[in-house]
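Comments concern the structure below.
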Amino acid sequence: MKKLLAILLSLVMVVSLFAACSGDTEETDPSTENTEPSTEATAEATEAPVVEAEALPDAFAHLTFDGDDEGYTALVQTDDVGDNTGATYGLAETNVTFAYSDGPVDQCIYLDGTYGLDLGFDATDTTAYTVSFWVNASRLASYGPTLQIGHNIGMADNSGNDVTWMNVTQTEFSVKYFPTIWSRNEASDAADGTDCWPWMSDFAVEESIYGKKEWAMFTIVCTGEEQASPLGSTTVGAQLYINGTLVYDSAANYSYGTYFEYTWDATLAPNIMQAHDNFEAYFGINYWDTVFKGFLDDLYVYDVALTAGQVQTLWQMGDATVESAVPETGSTAETDPTSVTVEITGTALGATDYSTGFWSEFSDVWAVPSGESVTVTFRNFHDVENASNWNNFVAILQNVAAGHSVEDDATYAEYAVVRADNFGWGSGYEEIATAECDWDWSTYAADLDGATVVLTVTNNGTTADIAAEVTTMAGTVYHQTYTGIAVTGDVYLCLTVDGCCLDIISVE
């Protein structure tokens, strides 16, 4: 049915093209006074006249996800990274019974959050190309993957390893965007100027989220045209379409001289579709991040840059209003993550609606004398469906008994500020000999919601240690340790939050 519809549409488009006028589209004149990656230019571009649908070329690859064997396989994250020197996890094939539901174009596949897909297609080996797919996410994680393609994706950028990929993801640099098309071309020996980490999104809409518990179609067009920066980097021109509408065109900023004023050049890295022995194409899984959960339909790859009219044709072939039900049978019995009701039995830190911003509310400050330990027990709550990894407890080791900045106390200093997701900073943190955790990152968000944390700080005299034992609502126990934090003089402990809420039960 799907293929027949595509053929009929294409025939209709061909007939209409002969009867149509020139078919040229009007270019809008983007503002030359942009102060961000073309917010104004993009806003004007989205107000362009309605685009007429055009006939589609033959696809380089097309996955319908209608239930037939189309060559894709299931992958899970493992502890064995193998040869992937830049990876946190390895990827391994697994046997699952794929589950399908009604989608925008016939059937769609449902991914339950425990596995992703090896899509099984090759590189186009062209400088110009197009990728397009429908997505309906029930769970998004910042920097977690939907479509991720390229070569040497899990490798470190050592000499000889050009690490090149595109990840269609959610970002949260200052506000949340989904989709963000985040790409990379980097290697220690790349002398041709292609080292870069560009990204693009619908910059005209602040905190734009598409495809979260609704169907949306994302289309990324790479024109292949070089865009050379005076800073020495080289990227390629690209457009982003959402639901058939152009929301960002890198050529607009580039043409008006604003494009390369930013650290994160808003377009695509080159060479993503270059043929390579280690070319990879995945959906919903990568070597580092939380596995995607939700629906996927009708993924196309073209070895040419589609026109706006051709993108419109792809959009018209689907129905975004379709309601897709989670299949009763899938690969696992995992259920949708649901936030635990906040229960305050002791002292609340942070608003129960998770609106408290970072470094805006603090616990009491507890002295940790030399040779002694202080243990704080608390429960950690957050919005499990929308929380980023850092929206959990934060421990601060400082040198004063009151205040949290030099404005409060001119002698104030931090030995370490450490987060639940194993990141932090401070003069002491830089000297940490060991920073370890055994989180299951694929279930991290659900595990931390409602978890009981027993956090102990030990002052060894010249160093301090932080150890957290975390027990989830399901009874799983995890551990996090920071060992060897350099300290000089008095040591004081306090907690802060970042979009979460703590119920502080006891201090010993």
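Lettering and numbering for the structure tokens are positional, with chains as A, B, ... in the shown order, residues counted from 1 in each chain, and ligands counted from 1 in the shown order.
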- Message: Need to verify the contact set: A:Tyr115, 8 Å, only C-alpha atoms, exclusion of same-chain residues closer than 3 positions in sequence. Can you return it as a PyMOL selection string?
- Response: chain A and resi 74-77+111-112+284-285+291-292
Can those selected residues be exported to a file as a PDB file, in the first residue's frame so that it contains C-alpha atoms?
ATOM      1  CA  ALA A  74      18.093  -5.181  17.297  1.00  0.00           C
ATOM      2  CA  LEU A  75      21.060  -3.900  19.327  1.00  0.00           C
ATOM      3  CA  VAL A  76      21.609  -3.556  23.066  1.00  0.00           C
ATOM      4  CA  GLN A  77      24.303  -1.741  25.032  1.00  0.00           C
ATOM      5  CA  LEU A 111      10.915   0.447  20.423  1.00  0.00           C
ATOM      6  CA  ASP A 112      10.379  -0.266  24.130  1.00  0.00           C
ATOM      7  CA  GLY A 284      17.613   4.836  19.099  1.00  0.00           C
ATOM      8  CA  ILE A 285      20.966   3.633  20.407  1.00  0.00           C
ATOM      9  CA  VAL A 291      18.241   4.361  24.653  1.00  0.00           C
ATOM     10  CA  PHE A 292      15.282   5.866  22.771  1.00  0.00           C
TER      11      PHE A 292
END
- Task: Check stretch 109-255 of chain A with DSSP on the backbone and list each residue it calls alpha helix (DSSP H), as a VMD selection string.
- Result: chain A and resid 250 to 255
Closest pair table for stretch 108-220 of chain A residues within 12 Å of stretch 299-318 of chain A, only C-alpha atoms, as JSON lines:
{"residue": "A:Cys108", "atom": "CA", "partner": "A:Leu299", "partner_atom": "CA", "distance": 10.2}
{"residue": "A:Ile109", "atom": "CA", "partner": "A:Leu299", "partner_atom": "CA", "distance": 11.1}
{"residue": "A:Leu119", "atom": "CA", "partner": "A:Leu299", "partner_atom": "CA", "distance": 9.6}
{"residue": "A:Phe121", "atom": "CA", "partner": "A:Val301", "partner_atom": "CA", "distance": 9.2}
{"residue": "A:Asp122", "atom": "CA", "partner": "A:Val301", "partner_atom": "CA", "distance": 9.9}
{"residue": "A:Ala123", "atom": "CA", "partner": "A:Asp303", "partner_atom": "CA", "distance": 9.0}
{"residue": "A:Thr124", "atom": "CA", "partner": "A:Asp303", "partner_atom": "CA", "distance": 5.5}
{"residue": "A:Asp125", "atom": "CA", "partner": "A:Asp303", "partner_atom": "CA", "distance": 7.9}
{"residue": "A:Thr126", "atom": "CA", "partner": "A:Asp303", "partner_atom": "CA", "distance": 6.2}
{"residue": "A:Thr127", "atom": "CA", "partner": "A:Val304", "partner_atom": "CA", "distance": 8.3}
{"residue": "A:Ala128", "atom": "CA", "partner": "A:Val304", "partner_atom": "CA", "distance": 5.1}
{"residue": "A:Tyr129", "atom": "CA", "partner": "A:Val304", "partner_atom": "CA", "distance": 4.3}
{"residue": "A:Thr130", "atom": "CA", "partner": "A:Tyr302", "partner_atom": "CA", "distance": 5.0}
{"residue": "A:Val131", "atom": "CA", "partner": "A:Val301", "partner_atom": "CA", "distance": 4.6}
{"residue": "A:Ser132", "atom": "CA", "partner": "A:Tyr300", "partner_atom": "CA", "distance": 5.1}
{"residue": "A:Phe133", "atom": "CA", "partner": "A:Leu299", "partner_atom": "CA", "distance": 4.2}
{"residue": "A:Trp134", "atom": "CA", "partner": "A:Leu299", "partner_atom": "CA", "distance": 6.9}
{"residue": "A:Val135", "atom": "CA", "partner": "A:Leu299", "partner_atom": "CA", "distance": 9.4}
{"residue": "A:Thr146", "atom": "CA", "partner": "A:Leu299", "partner_atom": "CA", "distance": 11.6}
{"residue": "A:Leu147", "atom": "CA", "partner": "A:Leu299", "partner_atom": "CA", "distance": 9.6}
{"residue": "A:Ile149", "atom": "CA", "partner": "A:Val301", "partner_atom": "CA", "distance": 11.2}
{"residue": "A:Trp215", "atom": "CA", "partner": "A:Gly318", "partner_atom": "CA", "distance": 9.9}
{"residue": "A:Ala216", "atom": "CA", "partner": "A:Trp315", "partner_atom": "CA", "distance": 9.4}
{"residue": "A:Met217", "atom": "CA", "partner": "A:Trp315", "partner_atom": "CA", "distance": 7.1}
{"residue": "A:Phe218", "atom": "CA", "partner": "A:Trp315", "partner_atom": "CA", "distance": 9.4}
{"residue": "A:Thr219", "atom": "CA", "partner": "A:Val311", "partner_atom": "CA", "distance": 7.3}
{"residue": "A:Ile220", "atom": "CA", "partner": "A:Ala305", "partner_atom": "CA", "distance": 9.0}
- Using only C-alpha atoms, determine which residues lie at most 6 Å from stretch 349-363 of chain A, disregarding the query and same-chain residues fewer than 2 positions distant; provide the list as a list in words.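 So the residues in contact are Cys494, Leu495, Thr496, Val497, Asp498, Gly499, Cys500, Cys501 and Leu502 of chain A.
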- Item | Selection near stretch 376-387 of chain A, 7 Å with only C-alpha atoms, sequence-local residues under 2 positions removed, as a ChimeraX atom specification | /A:139,337-339,342,354,374,389,391-393,445-446,448-456,500-508
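Coordinates place atom CA of A:Glu93 at a distance of 15.9 Å from atom CA of A:Gly154.
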- Item | d(atom CA of A:Tyr492, atom CA of A:Val406) in Å |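 Computing it gives 15.5 Å between the two atoms.
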